[in-house]
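Participant: Contents of upload18.txt (compact mmCIF, C-alpha atoms) are given next:
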# COMPACT_ATOMS: atom_id res chain seq x y z
CA MET B 1 -8.30 5.12 -35.28
CA ASN B 2 -4.72 4.67 -34.19
CA ARG B 3 -5.38 6.66 -31.07
CA LYS B 4 -8.39 4.52 -30.29
CA LYS B 5 -6.40 1.35 -30.70
CA ILE B 6 -3.66 2.70 -28.52
CA GLY B 7 -6.21 3.67 -25.90
CA ILE B 8 -7.77 0.22 -25.90
CA LEU B 9 -4.35 -1.40 -25.75
CA PHE B 10 -3.43 0.81 -22.82
CA ILE B 11 -6.56 -0.15 -20.92
CA VAL B 12 -6.00 -3.83 -21.60
CA VAL B 13 -2.38 -3.68 -20.43
CA LEU B 14 -3.40 -1.73 -17.34
CA SER B 15 -6.08 -4.31 -16.57
CA ILE B 16 -3.65 -7.18 -16.94
CA PHE B 17 -1.15 -5.39 -14.74
CA GLY B 18 -3.81 -4.74 -12.13
CA ALA B 19 -4.91 -8.37 -12.16
CA VAL B 20 -1.35 -9.60 -11.75
CA VAL B 21 -0.61 -7.22 -8.88
CA GLY B 22 -3.88 -8.04 -7.23
CA ASN B 23 -3.17 -11.76 -7.35
CA THR B 24 0.38 -11.53 -6.04
CA ALA B 25 -0.35 -9.15 -3.21
CA ALA B 26 -1.22 -11.99 -0.80
CA GLU B 27 -2.39 -11.11 2.66
CA GLU B 28 0.44 -11.27 5.27
CA PRO B 29 -0.21 -13.61 8.19
CA VAL B 30 -1.66 -11.92 11.23
CA LEU B 31 -0.45 -13.08 14.63
CA GLY B 32 -2.97 -12.86 17.44
CA PRO B 33 -2.58 -13.39 21.17
CA VAL B 34 0.11 -15.84 22.29
CA ASN B 35 -0.32 -17.78 25.54
CA ILE B 36 2.46 -19.55 27.35
CA THR B 37 1.55 -22.08 30.02
CA PRO B 38 2.73 -21.90 32.74
CA GLN B 39 2.89 -18.09 32.80
CA ASN B 40 6.20 -18.11 34.71
CA PRO B 41 7.96 -21.23 33.49
CA THR B 42 10.85 -22.81 35.32
CA VAL B 43 13.92 -24.43 33.92
CA LEU B 44 13.42 -28.00 32.62
CA SER B 45 9.63 -27.69 32.75
CA ASP B 46 7.05 -28.47 30.09
CA ILE B 47 5.70 -25.39 28.37
CA THR B 48 2.71 -25.12 26.09
CA ILE B 49 2.62 -22.29 23.59
CA THR B 50 -0.72 -21.45 22.01
CA ALA B 51 -1.09 -18.80 19.35
CA LYS B 52 -3.92 -17.46 17.26
CA MET B 53 -3.02 -16.61 13.73
CA SER B 54 -4.73 -16.03 10.47
CA ALA B 55 -3.48 -15.99 6.93
CA GLU B 56 -4.58 -16.75 3.45
CA ASP B 57 -4.10 -20.42 2.65
CA MET B 58 -2.32 -21.29 5.90
CA GLN B 59 -0.29 -24.44 5.37
CA GLU B 60 2.19 -24.87 8.18
CA VAL B 61 3.09 -23.18 11.42
CA HIS B 62 6.37 -23.83 13.18
CA LEU B 63 7.69 -22.69 16.52
CA ILE B 64 11.42 -22.04 16.65
CA ILE B 65 12.75 -21.99 20.18
CA LYS B 66 16.16 -21.78 21.80
CA GLU B 67 17.25 -21.79 25.44
CA CYS B 68 20.08 -19.55 26.59
CA ASP B 69 21.91 -18.22 29.56
CA ALA B 70 24.23 -15.20 29.49
CA SER B 71 27.05 -17.10 27.84
CA ILE B 72 25.53 -20.02 25.92
CA CYS B 73 22.60 -20.68 23.66
CA LYS B 74 21.50 -24.20 22.92
CA ILE B 75 20.78 -25.05 19.32
CA GLU B 76 17.40 -23.87 18.07
CA ARG B 77 14.61 -26.39 17.93
CA ASN B 78 12.11 -26.27 15.08
CA LEU B 79 8.74 -27.64 16.20
CA THR B 80 5.65 -28.16 14.08
CA MET B 81 2.58 -26.66 15.73
CA ASN B 82 -0.74 -28.47 15.65
CA GLU B 83 -3.97 -26.72 14.76
CA LYS B 84 -6.01 -27.06 17.93
CA SER B 85 -9.02 -25.30 16.48
CA GLN B 86 -9.47 -23.05 13.51
CA GLY B 87 -6.80 -20.39 13.67
CA THR B 88 -5.38 -21.62 16.98
CA TYR B 89 -2.05 -23.44 16.96
CA GLU B 90 -0.40 -25.19 19.85
CA VAL B 91 2.75 -27.06 20.76
CA THR B 92 4.14 -28.47 24.00
CA TYR B 93 7.87 -28.53 24.55
CA THR B 94 10.07 -29.77 27.38
CA LEU B 95 12.83 -27.34 28.23
CA SER B 96 16.13 -29.17 28.40
CA TYR B 97 18.89 -26.77 29.44
CA ASP B 98 19.24 -26.78 33.22
CA LYS B 99 21.15 -23.48 33.41
CA ALA B 100 18.96 -21.50 31.02
CA THR B 101 17.88 -18.07 32.21
CA TYR B 102 15.55 -17.37 29.29
CA PHE B 103 14.22 -18.86 26.10
CA THR B 104 13.59 -17.10 22.81
CA TYR B 105 10.87 -18.09 20.39
CA TYR B 106 9.40 -16.98 17.12
CA PHE B 107 6.92 -18.42 14.65
CA ALA B 108 7.54 -19.39 11.05
CA ILE B 109 4.31 -19.41 9.09
CA ASN B 110 3.84 -20.91 5.65
CA SER B 111 0.89 -19.37 3.90
CA ALA B 112 0.24 -19.25 0.17
CA ASP B 113 3.58 -21.03 -0.34
CA SER B 114 5.47 -18.20 1.31
CA TRP B 115 7.25 -18.28 4.66
CA THR B 116 6.91 -15.43 7.13
CA LYS B 117 8.82 -15.16 10.40
CA THR B 118 7.58 -13.21 13.39
CA ASN B 119 9.84 -11.17 15.63
CA PRO B 120 11.64 -13.15 18.33
CA VAL B 121 10.39 -12.87 21.90
CA ASP B 122 12.47 -13.53 25.03
CA VAL B 123 10.79 -15.24 27.98
CA PRO B 124 12.61 -15.33 31.33
CA LEU B 125 12.89 -18.62 33.16
CA LEU B 126 12.75 -19.22 36.86
CA PRO B 127 15.52 -21.38 38.30
CA LEU B 128 14.81 -24.76 39.81
CA PRO B 129 13.98 -24.76 43.51
CA ASN B 130 17.12 -25.33 45.63
CA GLY B 131 18.19 -28.93 45.84
CA SER B 132 15.93 -30.02 43.02
CA THR B 133 17.57 -31.69 40.07
CA ASN B 134 14.31 -32.63 38.35
CA GLY B 135 16.19 -34.88 35.99
CA ALA B 136 18.69 -32.14 35.28
CA ASN B 137 20.99 -32.73 32.40
CA ASP B 138 23.99 -32.37 34.63
CA ASN B 139 26.82 -33.67 32.54
CA GLY B 140 29.49 -33.76 35.22
CA GLY B 141 31.85 -35.80 33.18
CA ASN B 142 32.48 -39.52 33.21
CA GLN B 143 31.54 -40.76 36.66
CA SER B 144 31.43 -44.52 35.96
CA PRO B 145 34.08 -46.56 37.76
CA GLY B 146 36.98 -47.35 35.53
CA PHE B 147 38.87 -50.49 34.88
CA GLU B 148 41.42 -49.61 37.56
CA LEU B 149 38.84 -49.42 40.33
CA ILE B 150 37.35 -52.80 39.44
CA VAL B 151 40.77 -54.42 39.58
CA VAL B 152 41.44 -52.88 43.02
CA ILE B 153 38.13 -54.18 44.32
CA VAL B 154 38.89 -57.69 43.05
CA ALA B 155 42.38 -57.58 44.59
CA VAL B 156 41.10 -56.43 47.97
CA GLY B 157 38.33 -59.00 47.89
CA THR B 158 40.78 -61.78 47.14
CA LEU B 159 43.00 -60.69 50.03
CA LEU B 160 40.06 -60.69 52.41
CA ILE B 161 39.06 -64.18 51.33
CA LEU B 162 42.64 -65.46 51.77
CA PHE B 163 43.01 -63.96 55.24
CA GLY B 164 39.58 -65.24 56.16
CA LYS B 165 40.56 -68.79 55.17
CA LYS B 166 43.80 -68.51 57.13
CA ARG B 167 41.89 -67.52 60.29
CA TYR B 168 39.54 -70.48 60.11
CA LYS B 169 42.47 -72.83 59.74
CA MET H 1 52.04 -79.00 52.88
CA ASN H 2 49.19 -78.40 50.44
CA THR H 3 48.20 -75.08 52.03
CA SER H 4 51.78 -73.76 51.95
CA LYS H 5 51.88 -74.48 48.19
CA LYS H 6 48.58 -72.62 47.67
CA LYS H 7 49.65 -69.50 49.60
CA PRO H 8 52.38 -68.24 47.21
CA SER H 9 50.14 -68.65 44.10
CA ALA H 10 47.25 -66.76 45.71
CA PHE H 11 49.63 -64.10 46.96
CA LEU H 12 51.13 -63.86 43.50
CA LEU H 13 47.68 -63.41 42.01
CA VAL H 14 46.93 -60.51 44.34
CA CYS H 15 50.27 -58.87 43.54
CA MET H 16 49.64 -59.22 39.84
CA LEU H 17 46.20 -57.66 40.18
CA LEU H 18 47.58 -54.72 42.12
CA ALA H 19 50.40 -54.27 39.60
CA LEU H 20 47.85 -54.31 36.82
CA THR H 21 45.96 -51.54 38.57
CA PHE H 22 48.99 -49.26 38.55
CA LEU H 23 50.02 -50.18 35.02
CA ALA H 24 46.51 -49.49 33.70
CA GLY H 25 46.80 -46.00 35.13
CA CYS H 26 50.16 -45.53 33.43
CA THR H 27 48.84 -46.26 29.95
CA GLN H 28 46.36 -43.37 29.84
CA GLU H 29 48.53 -41.19 27.62
CA LYS H 30 46.39 -39.99 24.75
CA PRO H 31 47.77 -40.47 21.26
CA LEU H 32 48.45 -37.34 19.23
CA ILE H 33 45.53 -37.01 16.84
CA LEU H 34 45.93 -34.63 13.97
CA ASN H 35 42.60 -33.19 13.00
CA ASP H 36 41.30 -32.05 9.69
CA PHE H 37 37.95 -30.71 8.61
CA SER H 38 36.65 -28.75 5.67
CA PHE H 39 34.32 -25.79 5.38
CA THR H 40 33.10 -23.35 2.75
CA THR H 41 34.18 -19.73 2.99
CA LEU H 42 31.77 -16.90 2.26
CA SER H 43 33.34 -16.58 -1.17
CA GLY H 44 32.56 -20.22 -1.93
CA GLU H 45 36.06 -21.60 -1.52
CA ILE H 46 36.53 -24.96 0.20
CA LYS H 47 39.18 -24.70 2.93
CA HIS H 48 40.62 -27.22 5.38
CA LEU H 49 42.07 -26.99 8.86
CA SER H 50 45.27 -28.46 7.40
CA ASP H 51 45.62 -25.34 5.24
CA TYR H 52 46.56 -23.53 8.47
CA ARG H 53 49.23 -25.94 9.74
CA GLY H 54 51.99 -24.06 11.47
CA LYS H 55 49.50 -21.70 13.13
CA VAL H 56 47.42 -21.96 16.26
CA VAL H 57 43.85 -22.19 15.01
CA ILE H 58 40.78 -21.14 16.95
CA LEU H 59 37.63 -22.86 15.70
CA ASP H 60 34.65 -20.74 16.72
CA MET H 61 31.27 -22.44 16.24
CA TRP H 62 28.39 -19.98 16.16
CA ALA H 63 25.13 -18.84 14.57
CA THR H 64 23.67 -15.40 13.89
CA TRP H 65 20.72 -15.93 16.23
CA CYS H 66 22.93 -16.64 19.23
CA GLN H 67 23.34 -13.50 21.34
CA PRO H 68 26.35 -14.76 23.37
CA CYS H 69 28.01 -15.59 20.02
CA GLN H 70 27.77 -11.93 19.07
CA ILE H 71 29.57 -10.95 22.27
CA GLN H 72 32.12 -13.66 21.53
CA MET H 73 32.91 -11.94 18.21
CA LEU H 74 34.08 -8.85 20.08
CA GLU H 75 36.42 -10.92 22.23
CA LEU H 76 37.75 -12.82 19.21
CA ARG H 77 38.47 -9.46 17.62
CA LYS H 78 40.74 -8.68 20.56
CA VAL H 79 42.47 -12.04 20.05
CA TYR H 80 42.98 -11.31 16.36
CA GLU H 81 44.43 -7.88 17.08
CA ASN H 82 46.88 -9.19 19.66
CA TYR H 83 48.59 -11.96 17.72
CA SER H 84 50.53 -12.06 14.48
CA ARG H 85 48.76 -13.42 11.39
CA ASN H 86 51.69 -15.81 11.10
CA ASP H 87 50.90 -17.31 14.50
CA VAL H 88 47.14 -17.40 15.03
CA GLU H 89 44.14 -17.82 12.77
CA ILE H 90 40.46 -17.76 13.69
CA LEU H 91 37.89 -19.79 11.80
CA SER H 92 34.38 -18.68 12.71
CA ILE H 93 32.19 -21.41 11.28
CA ASN H 94 28.44 -20.97 11.25
CA ILE H 95 27.02 -24.33 12.30
CA ASP H 96 23.39 -23.62 11.44
CA GLN H 97 22.91 -25.02 7.95
CA ARG H 98 19.71 -23.01 7.51
CA GLU H 99 21.64 -19.75 7.52
CA SER H 100 22.66 -18.44 4.13
CA THR H 101 25.92 -16.85 3.09
CA GLN H 102 24.04 -13.58 2.58
CA LEU H 103 22.69 -13.70 6.14
CA ILE H 104 26.20 -14.19 7.49
CA GLN H 105 27.49 -11.35 5.31
CA ASN H 106 24.69 -9.10 6.61
CA PHE H 107 25.76 -10.03 10.14
CA LEU H 108 29.36 -9.02 9.40
CA ASP H 109 28.21 -5.81 7.71
CA ALA H 110 26.20 -4.91 10.79
CA PHE H 111 29.31 -5.26 12.96
CA LYS H 112 31.33 -3.21 10.49
CA ASN H 113 28.72 -0.48 10.47
CA HIS H 114 29.09 -0.27 14.23
CA GLY H 115 32.84 0.08 13.97
CA TYR H 116 33.82 -3.54 14.61
CA GLU H 117 35.30 -5.04 11.51
CA LEU H 118 35.64 -8.82 11.81
CA THR H 119 38.44 -9.67 9.40
CA TRP H 120 39.27 -13.30 10.10
CA VAL H 121 38.01 -16.35 8.25
CA PHE H 122 34.27 -16.94 8.20
CA GLY H 123 32.62 -19.99 6.76
CA LYS H 124 29.71 -22.42 6.74
CA ASP H 125 29.52 -25.96 8.04
CA ASP H 126 27.79 -28.80 6.24
CA GLY H 127 27.15 -30.48 9.59
CA SER H 128 30.39 -32.43 9.80
CA ILE H 129 32.24 -29.90 11.95
CA TRP H 130 29.42 -29.66 14.47
CA ASP H 131 29.12 -33.46 14.61
CA ALA H 132 32.83 -33.86 15.25
CA TYR H 133 33.62 -30.90 17.49
CA LYS H 134 30.54 -29.86 19.42
CA VAL H 135 31.46 -29.34 23.04
CA GLY H 136 29.76 -30.35 26.26
CA ASN H 137 25.99 -30.22 25.99
CA GLY H 138 26.02 -28.87 22.44
CA GLY H 139 25.66 -25.16 23.14
CA ILE H 140 27.14 -22.25 21.27
CA PRO H 141 29.36 -20.33 21.16
CA ALA H 142 31.82 -23.18 21.36
CA ILE H 143 35.55 -22.97 20.81
CA CYS H 144 38.19 -25.54 19.94
CA ILE H 145 41.85 -24.53 19.82
CA PHE H 146 44.28 -26.53 17.68
CA ASP H 147 48.03 -26.32 18.11
CA LYS H 148 50.47 -25.67 15.27
CA LYS H 149 50.50 -29.35 14.37
CA GLY H 150 46.73 -29.63 14.19
CA ALA H 151 46.21 -31.47 17.48
CA ILE H 152 43.27 -30.30 19.51
CA SER H 153 44.52 -28.57 22.63
CA PHE H 154 41.48 -27.01 24.23
CA SER H 155 37.71 -26.98 23.89
CA HIS H 156 35.11 -24.87 25.63
CA GLU H 157 31.37 -24.42 25.55
CA GLY H 158 30.10 -20.91 26.21
CA LEU H 159 31.45 -17.40 26.17
CA ALA H 160 35.18 -16.86 26.67
CA VAL H 161 37.16 -13.61 26.83
CA PHE H 162 40.55 -12.71 25.44
CA SER H 163 42.34 -11.63 28.63
CA ASP H 164 40.75 -8.83 30.66
CA ILE H 165 37.30 -9.51 32.05
CA PRO H 166 34.86 -6.80 30.92
CA GLU H 167 32.66 -5.22 33.56
CA GLY H 168 29.60 -7.27 34.33
CA PHE H 169 31.10 -10.54 33.19
CA PRO H 170 31.54 -13.37 35.73
CA GLN H 171 35.00 -13.41 37.31
CA ASP H 172 35.48 -17.11 36.60
CA ILE H 173 34.92 -16.75 32.85
CA THR H 174 37.43 -18.60 30.65
CA LYS H 175 40.33 -16.53 29.31
CA LEU H 176 41.86 -17.46 25.97
CA ALA H 177 45.25 -15.72 26.21
CA PRO H 178 46.69 -18.12 28.83
CA ILE H 179 45.65 -21.01 26.60
CA ILE H 180 46.98 -19.58 23.33
CA ASP H 181 50.33 -18.26 24.61
CA PRO H 182 51.91 -21.63 25.50
CA LEU H 183 50.95 -23.01 22.10
CA LEU H 184 53.00 -20.32 20.34
CA LYS H 185 56.29 -21.42 21.90
Turn the structure described in the file into structure tokens.

Facilitator:
Amino acid sequence: MNRKKIGILFIVVLSIFGAVVGNTAAEEPVLGPVNITPQNPTVLSDITITAKMSAEDMQEVHLIIKECDASICKIERNLTMNEKSQGTYEVTYTLSYDKATYFTYYFAINSADSWTKTNPVDVPLLPLPNGSTNGANDNGGNQSPGFELIVVIVAVGTLLILFGKKRYK
Amino acid sequence: MNTSKKKPSAFLLVCMLLALTFLAGCTQEKPLILNDFSFTTLSGEIKHLSDYRGKVVILDMWATWCQPCQIQMLELRKVYENYSRNDVEILSINIDQRESTQLIQNFLDAFKNHGYELTWVFGKDDGSIWDAYKVGNGGIPAICIFDKKGAISFSHEGLAVFSDIPEGFPQDITKLAPIIDPLLK
């Protein structure tokens, strides 16, 4: 009788264990094809990233992107992707670093209240065509005329007016 | 008669304006500003820049995901090996608030496992350091160098080397030794 009870208890415990494991072993998100438009993006251009992904109880998908050159990386941007159609997520982003030579992106996927990150991918960037600034963020320092220049202009203007008056007299 | 009286006053006005121009240029001297900021070390201690008064301090702003920042660590290691602990301190402050202490420790362990032990001060920013000291267009790595009195002496956005330029690096890359040396005198 004791052995029977122990056997039943063992089966019950095993069943509970199996149920718990089965419930917690949530399916990992699956990343499908990723499209980047345009295929060969240039610096400072708009890029659209579209990705197919599937997961149990998908809640949020974020794109994390940073622009870099050989010596600097700009701070990562965290963008919420919109579900374009079932399982297809999309976001459009305007690149902002005029000297970037590549950008790196990865996805952060929230499914079943758990975040999963994909491996980062580097995408090379084409430089701007020669002579094109395209609204480049060229922070060349403070270029606005200073107080001193305004005073010089006023002084010269006053002199010109005085000499002009003298001539007419 | 009237015109001769007007001439000197107009002339005087012009002279005053020109004098003002030169004087305005002469008053551009920047006041000495002593900086202070706080950060949390990897062991949880709160430290301040002022704790390092009397030393030249290199503030290195970085994040683990930044590849150039990883190269910067190797150059900072050369800086740390070439100056006395009494003279120079490096504060490598991770400015990405999403990154945990454990992630930063893993980063340091990875360097150590490859034979590059990074033994200076590492810490985390709560956002205040980045707000106050980000350089240029807000890229990293970014460096600020404070003199022994705590006044900011130099700031730079992007990779910088200690002294010698490694092969493959641009020849016009910023060197830190010529900036640090005068501050030690």

Participant: Atom CA of H:Glu167 and atom CA of H:Ile71 are how many Å apart?

Facilitator: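 Computing it gives 13.0 Å between the two atoms.
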
Participant: Applying 8 Å and all atoms listed in the file, which residues near H:Gly123 remain after dropping the ones on its own chain fewer than 2 positions away? List them as a PyMOL selection string.

Facilitator: chain H and resi 39-42+91-94+121+125

Participant: Quick check, in Å to one decimal: how far apart do atom CA of H:Tyr133 and atom CA of H:Ser155 lie?

Facilitator: 8.5 Å

Participant: Using only C-alpha atoms, determine which residues of chain B fall within 6 Å of chain H; present them as a list in words.

Facilitator: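 On the chain B side, the interface is Ser71, Ile72, Cys73, Lys74, Glu148 and Ala155 of chain B.
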
Participant: To one decimal in Å, tell me the separation between atom CA of B:Ala108 and atom CA of B:His62.

Facilitator: 5.1 Å

Participant: B:Arg77: which residues within 8 Å, counting all atoms listed in the file, same-chain residues fewer than 5 positions away excluded, as a list of chain:residue names?

Facilitator: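 Neighbouring residues, sequence-local ones excluded: B:Leu63, B:Ile64, B:Ile65, B:Lys66.
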
Participant: Would you list the residues near (27.3, -12.7, 12.6) (no more than 7 Å away, in the coordinates of the file, using all atoms listed in the file) as a PyMOL selection string?

Facilitator: chain H and resi 63-64+70+104+107-108

Participant: Closest to H:Gly127 among H:Ser153, H:Arg98, H:Leu183, H:Leu103, using all atoms listed in the file?

Facilitator: H:Arg98

Participant: Which residues come within 12 Å of H:Phe146, counting all atoms listed in the file, excluding same-chain residues fewer than 5 positions away, as a PyMOL selection string?

Facilitator: chain H and resi 32-37+49-50+52-60+87-91+133+151-155+179-180+182-184

Participant: For the residues in the current selection, export C-alpha atoms as a PDB file, in the coordinates of the input.

Facilitator:
ATOM      1  CA  LEU H  32      48.450 -37.340  19.230  1.00  0.00           C
ATOM      2  CA  ILE H  33      45.530 -37.010  16.840  1.00  0.00           C
ATOM      3  CA  LEU H  34      45.930 -34.630  13.970  1.00  0.00           C
ATOM      4  CA  ASN H  35      42.600 -33.190  13.000  1.00  0.00           C
ATOM      5  CA  ASP H  36      41.300 -32.050   9.690  1.00  0.00           C
ATOM      6  CA  PHE H  37      37.950 -30.710   8.610  1.00  0.00           C
ATOM      7  CA  LEU H  49      42.070 -26.990   8.860  1.00  0.00           C
ATOM      8  CA  SER H  50      45.270 -28.460   7.400  1.00  0.00           C
ATOM      9  CA  TYR H  52      46.560 -23.530   8.470  1.00  0.00           C
ATOM     10  CA  ARG H  53      49.230 -25.940   9.740  1.00  0.00           C
ATOM     11  CA  GLY H  54      51.990 -24.060  11.470  1.00  0.00           C
ATOM     12  CA  LYS H  55      49.500 -21.700  13.130  1.00  0.00           C
ATOM     13  CA  VAL H  56      47.420 -21.960  16.260  1.00  0.00           C
ATOM     14  CA  VAL H  57      43.850 -22.190  15.010  1.00  0.00           C
ATOM     15  CA  ILE H  58      40.780 -21.140  16.950  1.00  0.00           C
ATOM     16  CA  LEU H  59      37.630 -22.860  15.700  1.00  0.00           C
ATOM     17  CA  ASP H  60      34.650 -20.740  16.720  1.00  0.00           C
ATOM     18  CA  ASP H  87      50.900 -17.310  14.500  1.00  0.00           C
ATOM     19  CA  VAL H  88      47.140 -17.400  15.030  1.00  0.00           C
ATOM     20  CA  GLU H  89      44.140 -17.820  12.770  1.00  0.00           C
ATOM     21  CA  ILE H  90      40.460 -17.760  13.690  1.00  0.00           C
ATOM     22  CA  LEU H  91      37.890 -19.790  11.800  1.00  0.00           C
ATOM     23  CA  TYR H 133      33.620 -30.900  17.490  1.00  0.00           C
ATOM     24  CA  ALA H 151      46.210 -31.470  17.480  1.00  0.00           C
ATOM     25  CA  ILE H 152      43.270 -30.300  19.510  1.00  0.00           C
ATOM     26  CA  SER H 153      44.520 -28.570  22.630  1.00  0.00           C
ATOM     27  CA  PHE H 154      41.480 -27.010  24.230  1.00  0.00           C
ATOM     28  CA  SER H 155      37.710 -26.980  23.890  1.00  0.00           C
ATOM     29  CA  ILE H 179      45.650 -21.010  26.600  1.00  0.00           C
ATOM     30  CA  ILE H 180      46.980 -19.580  23.330  1.00  0.00           C
ATOM     31  CA  PRO H 182      51.910 -21.630  25.500  1.00  0.00           C
ATOM     32  CA  LEU H 183      50.950 -23.010  22.100  1.00  0.00           C
ATOM     33  CA  LEU H 184      53.000 -20.320  20.340  1.00  0.00           C
TER      34      LEU H 184
END

Participant: Which residues, written as a ChimeraX atom specification, have at least one atom at most 12 Å from stretch 100-103 of chain B, with all atoms listed in the file counted and residues fewer than 2 positions away on the same chain left out?

Facilitator: /B:36,40-45,47,64-77,93-98,105-106,120-128,136-137 /H:66-67,139

Participant: Using only C-alpha atoms, can you list as number ranges by chain the residues within 6 Å of (0.6, -18.9, 23.9)?

Facilitator: B: 34-36, 49-51

Participant: Just write stretch 81-87 of chain B with all heavy atoms, as a compact mmCIF listing (two decimals), in the first residue's frame, taken from the block above.

Facilitator:
# COMPACT_ATOMS: atom_id res chain seq x y z
N MET B 81 8.80 49.75 -33.64
CA MET B 81 8.39 49.35 -34.99
C MET B 81 6.87 49.16 -35.03
O MET B 81 6.27 48.69 -34.05
CB MET B 81 9.09 48.06 -35.40
CG MET B 81 10.60 48.22 -35.49
SD MET B 81 11.44 46.78 -36.14
CE MET B 81 11.19 46.98 -37.90
N ASN B 82 6.29 49.51 -36.17
CA ASN B 82 4.85 49.35 -36.34
C ASN B 82 4.55 48.05 -37.06
O ASN B 82 5.28 47.66 -37.98
CB ASN B 82 4.29 50.53 -37.14
CG ASN B 82 4.51 51.83 -36.41
OD1 ASN B 82 4.25 51.94 -35.23
ND2 ASN B 82 5.01 52.83 -37.13
N GLU B 83 3.46 47.41 -36.67
CA GLU B 83 3.08 46.17 -37.36
C GLU B 83 2.34 46.54 -38.63
O GLU B 83 1.20 47.00 -38.62
CB GLU B 83 2.21 45.30 -36.46
CG GLU B 83 2.02 43.91 -37.03
CD GLU B 83 1.36 42.93 -36.07
OE1 GLU B 83 0.81 43.39 -35.04
OE2 GLU B 83 1.38 41.72 -36.33
N LYS B 84 3.01 46.33 -39.75
CA LYS B 84 2.46 46.70 -41.05
C LYS B 84 1.37 45.71 -41.48
O LYS B 84 0.32 46.09 -42.00
CB LYS B 84 3.60 46.69 -42.07
CG LYS B 84 3.33 47.39 -43.36
CD LYS B 84 4.59 47.34 -44.22
CE LYS B 84 4.22 47.56 -45.67
NZ LYS B 84 5.36 47.37 -46.56
N SER B 85 1.66 44.46 -41.26
CA SER B 85 0.68 43.40 -41.48
C SER B 85 1.05 42.30 -40.52
O SER B 85 2.07 42.40 -39.84
CB SER B 85 0.72 42.91 -42.92
OG SER B 85 2.00 42.39 -43.22
N GLN B 86 0.27 41.28 -40.43
CA GLN B 86 0.54 40.28 -39.40
C GLN B 86 1.95 39.70 -39.56
O GLN B 86 2.29 39.11 -40.59
CB GLN B 86 -0.49 39.15 -39.46
CG GLN B 86 -0.42 38.29 -38.22
CD GLN B 86 -1.61 37.36 -38.09
OE1 GLN B 86 -2.44 37.26 -38.98
NE2 GLN B 86 -1.67 36.69 -36.96
N GLY B 87 2.74 39.88 -38.53
CA GLY B 87 4.09 39.33 -38.54
C GLY B 87 5.12 40.18 -39.27
O GLY B 87 6.29 39.82 -39.32
